[in-house]
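Undergrad: I'd like to ask some things about the structure below.
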Amino acid sequence: MWMLELPPFVLFLIGGLIAATTRGKLRGALMIAIPILGGLHLWTVPEGVHLQLMFLDYELVPYRADKLSLMFGYIFHIAAFIGILYSLHVKDTVQQVAAMLYAGSAIGAVFAGDLLTLFVFWELLAFTSVFLVWARRTPAAYSAGMRYLIMQVLSGVILLIGALFYIKETGSIAFDFIGLDSIAGWLIFIAFGIKCAFPFAHTWLTDAYPEATPTGTVLLSAFTTKVAVYALARAYPGTELLVYIGAAMTCFPIFFAVIENDLRRVLAYSLINQVGFMVVGIGIGTSLALNGAVSHAFNDVIFKGLLFMSMGAVLHMTGRINGSDLGGLYKTMPKTTILCIVGAASISAFPLFSGFVSKSMVMTAAMETGHDWVWLMLLFASAGVFHHAGIKIPYFAFFAHDSGIRANDPPINMLMAMFIAACLCIGIGIYPAALYSLLPYDTGYNPYDATHVLAQTQLLLFSALAFVWLNLKGKYPPELRSTHLDVDWVYRRLVPNILQRMFAVIWKVDGDIRQSVRGKLSQCQAFLARQYKEGGSFISSDYPSGNMVLWVAVILATYLFIGFVS
Amino acid sequence: MDNEKQYLFDNPKNIQRVLYLLYICCGILVALDFVIHRHVYHSWENLPIFYPIYGFVGCVILVLIASWMRTFLMRPEDYYGPVEELDDSKIEIVDVSHSHAKEANNNNNNNNKGDNNVDA
């Protein structure tokens, strides 16, 4: 359509400018047009390096397209389109501009062929997305955004240091397989890990995403972690460590998700759980596993977006998002309810929904490569994700006890965005061949055999049975207005408390030392004053002057005596 | 609000129907396990009805552990800072505590997923 050398992110930067300078319907139309045009253009882009520049002695590659990056490019265009459509009613220029630039940064990052370009977009992702959190304009959102930004920038700085080491070691800045054989490899791995929400570095996600605006969270859920997944898939496929990190990521968040009250925070935990499946796939590194990881990232953007959109709709219409404040909304928000259930079925990987066709690839790959325990963990996580995202989210928002809230379905643009996402979820679930044809490898995998379908359906329905049984027994943890501690407690409470106590001691010791020095000084002063005022000698009333005169007289007398003698 | 519309799950019978449907589906799936021959990769899969047991037990353990985690992880809502007040001015909230008290009770006792502890 236009010059092939023009990287796809440029269009979104122009979109940011347009959003900043136009208003009203014109802005809406132009913003919607950009991801559509960009996506259609990207469809025609062949594989290969389309843009190279020389920077000092290094070759920058801002635009490299291969099957892996194109796959993420497609899904980011779809996510940008859905996210922008969903936020079309928002009259907030800050959010609109941030959304455009954020999507552009994500797209720029996946087409980056060298580490320096990647670094630039890595940091841009942080600086543009934080405005989607701050745009909520509450004190909680401001401080959560600050913490988010610090973590993201930290990740960027580690990436830069790693990249510099890498250049020193290899003399190349190409962004390809890196591996964990060197310091550079580890540093870059950690940088990717922070953005990928590895355990203990995951709290920026569960902290900031639920504080963002209803529309902002939808975009946030699509881009940042998926860019990290892409980066891991590019640089660390087949790294055994990732299998275990990923398995941990699938399991630990579901415990938090079960007891969390803020439904968007439940989804944030569930996002980590889904990213865990992708990380396991990358770690296994066979072509089936990598296909599974990439296609699951593709599907996750859509179904997690759909779930965040449905919860965003609830928040937008009722001003509430805690499970304890909601319930019975199916009565007046039937469309949102149905769309949410489609998202819930997809994330739970019900047969005929999108999650099933991608998650099963990772699970099969885990089993084929002999990761038995990891496979059991993934199976547990699959049951768990149905429990918290598949049942808990729709149940506590739309059913459960009647909260008495009679809010209507959201504006048409929000419904349209959710509807498109739901169609994609079902479409990919029913006809996975379309998705599979875009994948990096051809594995001839077929998800719909009797074994898989039966096993998955059994697993899910008996999880549902467990939910029913626990509820009937009164053992299911009720939704309570509460905060649950996570690792962020370390830097939000523990470290500040330790610092506070440490500084209290330091200030006290410092005060004591000053006090005693001041005491000594005033003693000296008093001593001197005493010498001036009271002492005195026979020559002068001042002791020092008298002394001086006396000694001068002694020295003169000595001179006189020496002169006389010699 | 006595004349408020009756919705699908206001009638406890509908909730029971959903529950029976789930029980029947579970029963059929268990039966199918003995009929359909599965490819088995893992020795554990040879156990009869491995997946249903794993799903059920896994979820029960998940919930029990999560409930136990509450004993040491739960803090008041304003632990990290003040919580925003809910704005009721823009939405319609009907009073379900009186006119629907009976139904609400029925709901709670017989709800399709039995949330009899939600109000507690």
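Naming scheme: A, B, ... for chains in displayed order of the structure tokens; residues 1 onward per chain; ligands 1 onward as shown.
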Could you write out as a ChimeraX atom specification the residues of chain A within 6 Å of chain B, counting only C-alpha atoms?
TA: /A:255,383,404-406,451,455,458-459,462-463,466,468,471-472,474,477-478,481-485
Undergrad: Next, dump the selected residues to file, keeping only N, CA and C atoms, as a CSV table (one decimal), in the first residue's frame.
TA:
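Final output, saved to selection_29.csv:
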chain,number,residue,atom,x,y,z
A,255,PHE,N,-4.0,-19.1,43.6
A,255,PHE,CA,-4.4,-19.1,45.0
A,255,PHE,C,-4.8,-17.7,45.4
A,383,ALA,N,-7.2,-26.4,35.7
A,383,ALA,CA,-8.4,-26.5,36.5
A,383,ALA,C,-8.6,-25.3,37.4
A,404,GLY,N,-28.8,-5.6,44.0
A,404,GLY,CA,-29.8,-4.6,43.9
A,404,GLY,C,-29.4,-3.6,42.8
A,405,ILE,N,-28.2,-3.7,42.3
A,405,ILE,CA,-27.7,-2.7,41.3
A,405,ILE,C,-28.4,-3.0,40.0
A,406,ARG,N,-29.0,-2.0,39.4
A,406,ARG,CA,-29.7,-2.2,38.1
A,406,ARG,C,-29.1,-1.3,37.0
A,451,THR,N,-9.4,-37.9,22.7
A,451,THR,CA,-8.6,-37.9,24.0
A,451,THR,C,-8.6,-36.5,24.6
A,455,ALA,N,-10.7,-35.4,27.9
A,455,ALA,CA,-10.0,-35.1,29.1
A,455,ALA,C,-10.2,-33.7,29.6
A,458,GLN,N,-13.8,-33.3,31.0
A,458,GLN,CA,-13.9,-33.9,32.3
A,458,GLN,C,-13.3,-33.0,33.4
A,459,LEU,N,-12.0,-32.6,33.1
A,459,LEU,CA,-11.3,-31.7,34.0
A,459,LEU,C,-12.1,-30.5,34.4
A,462,PHE,N,-15.6,-31.2,36.3
A,462,PHE,CA,-15.5,-31.6,37.7
A,462,PHE,C,-14.9,-30.5,38.5
A,463,SER,N,-14.2,-29.6,37.9
A,463,SER,CA,-13.8,-28.4,38.7
A,463,SER,C,-15.0,-27.6,39.0
A,466,ALA,N,-16.7,-29.1,41.8
A,466,ALA,CA,-16.0,-28.8,43.1
A,466,ALA,C,-16.5,-27.4,43.6
A,468,VAL,N,-19.3,-25.9,43.0
A,468,VAL,CA,-20.7,-26.1,43.5
A,468,VAL,C,-20.7,-26.7,44.9
A,471,ASN,N,-19.4,-24.5,47.6
A,471,ASN,CA,-20.4,-23.4,47.9
A,471,ASN,C,-21.5,-24.0,48.7
A,472,LEU,N,-22.0,-25.1,48.3
A,472,LEU,CA,-23.1,-25.7,49.1
A,472,LEU,C,-22.7,-26.0,50.5
A,474,GLY,N,-20.6,-24.3,52.1
A,474,GLY,CA,-20.2,-23.1,52.8
A,474,GLY,C,-18.7,-23.0,53.0
A,477,PRO,N,-14.4,-19.5,50.0
A,477,PRO,CA,-14.1,-18.2,50.7
A,477,PRO,C,-15.0,-17.1,50.2
A,478,PRO,N,-15.7,-16.4,51.0
A,478,PRO,CA,-16.6,-15.3,50.6
A,478,PRO,C,-15.8,-14.1,50.1
A,481,ARG,N,-14.4,-7.4,51.7
A,481,ARG,CA,-13.7,-6.1,51.5
A,481,ARG,C,-12.4,-6.2,52.2
A,482,SER,N,-11.3,-6.3,51.5
A,482,SER,CA,-10.0,-6.6,52.1
A,482,SER,C,-8.9,-6.3,51.2
A,483,THR,N,-7.7,-6.3,51.7
A,483,THR,CA,-6.5,-6.2,50.9
A,483,THR,C,-5.7,-7.5,51.2
A,484,HIS,N,-5.2,-8.1,50.2
A,484,HIS,CA,-4.4,-9.3,50.4
A,484,HIS,C,-2.9,-9.0,50.1
A,485,LEU,N,-2.1,-9.4,51.1
A,485,LEU,CA,-0.7,-9.1,50.9
A,485,LEU,C,0.0,-10.0,49.8
Undergrad: Write out as a PyMOL selection string each polymer residue whose atoms come within 7 Å of segment 28-45 of chain A, counting only C-alpha atoms; drop sequence neighbours fewer than 6 positions from it.
TA: chain A and resi 1+8+11-12+15+74+77+80-81+84-85+88
Undergrad: Could the residues in this selection be written to a file with C-alpha atoms, as a PDB file, in the first residue's frame?
TA:
ATOM      1  CA  MET A   1       0.000   0.000   0.000  1.00  0.00           C
ATOM      2  CA  PRO A   8       4.441  -0.224  11.169  1.00  0.00           C
ATOM      3  CA  LEU A  11       1.564   4.979  11.655  1.00  0.00           C
ATOM      4  CA  PHE A  12       0.738   4.804  15.351  1.00  0.00           C
ATOM      5  CA  GLY A  15      -1.970   8.461  15.239  1.00  0.00           C
ATOM      6  CA  TYR A  74      -1.048  -9.014  13.649  1.00  0.00           C
ATOM      7  CA  HIS A  77      -3.034  -4.520  15.474  1.00  0.00           C
ATOM      8  CA  ALA A  80      -5.187  -1.911  19.228  1.00  0.00           C
ATOM      9  CA  PHE A  81      -8.299  -1.906  17.080  1.00  0.00           C
ATOM     10  CA  ILE A  84      -9.513   1.805  20.652  1.00  0.00           C
ATOM     11  CA  LEU A  85     -13.043   0.859  19.641  1.00  0.00           C
ATOM     12  CA  LEU A  88     -14.135   5.453  21.710  1.00  0.00           C
TER      13      LEU A  88
END
Undergrad: Based on DSSP run over this structure's backbone, return all residues of segment 143-223 of chain A in alpha helix (DSSP H), as JSON, numbers by chain.
TA: {"A": [143, 144, 145, 146, 147, 148, 149, 150, 151, 152, 153, 154, 155, 156, 157, 158, 159, 160, 161, 162, 163, 164, 165, 166, 167, 168, 169, 170, 183, 184, 185, 186, 187, 188, 189, 190, 191, 192, 193, 194, 195, 203, 204, 205, 206, 207, 208, 214, 215, 216, 217, 218, 219, 220, 221, 222, 223]}
Undergrad: If we count only C-alpha atoms and set the cut-off at 10 Å, which residues sit around Leu326 of chain A, ignoring sequence neighbours fewer than 4 positions away in its own chain? Please answer as a PyMOL selection string.
TA: chain A and resi 263+314-315+318+320-322+395-405+479
Undergrad: Residues as selected, C-alpha atoms, written as a PDB file, in the first residue's frame, can you do that?
TA:
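Output below, filename out34.pdb:
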ATOM      1  CA  LEU A 263     -12.319  -8.633  40.051  1.00  0.00           C
ATOM      2  CA  VAL A 314     -19.157  -3.285  34.896  1.00  0.00           C
ATOM      3  CA  LEU A 315     -16.858  -0.704  36.462  1.00  0.00           C
ATOM      4  CA  THR A 318     -21.711   0.733  38.223  1.00  0.00           C
ATOM      5  CA  ARG A 320     -17.823  -0.816  41.423  1.00  0.00           C
ATOM      6  CA  ILE A 321     -15.457  -3.671  40.754  1.00  0.00           C
ATOM      7  CA  ASN A 322     -15.240  -5.546  44.055  1.00  0.00           C
ATOM      8  CA  TYR A 395     -20.448 -15.621  38.921  1.00  0.00           C
ATOM      9  CA  PHE A 396     -19.637 -12.899  41.435  1.00  0.00           C
ATOM     10  CA  ALA A 397     -20.200 -10.046  38.992  1.00  0.00           C
ATOM     11  CA  PHE A 398     -23.349 -11.176  37.252  1.00  0.00           C
ATOM     12  CA  PHE A 399     -24.970 -13.835  39.446  1.00  0.00           C
ATOM     13  CA  ALA A 400     -24.325 -14.666  43.106  1.00  0.00           C
ATOM     14  CA  HIS A 401     -26.487 -12.673  45.495  1.00  0.00           C
ATOM     15  CA  ASP A 402     -28.501  -9.783  44.097  1.00  0.00           C
ATOM     16  CA  SER A 403     -26.697  -6.569  44.953  1.00  0.00           C
ATOM     17  CA  GLY A 404     -29.753  -4.581  43.877  1.00  0.00           C
ATOM     18  CA  ILE A 405     -27.714  -2.703  41.279  1.00  0.00           C
ATOM     19  CA  GLU A 479     -15.808 -12.109  48.810  1.00  0.00           C
TER      20      GLU A 479
END
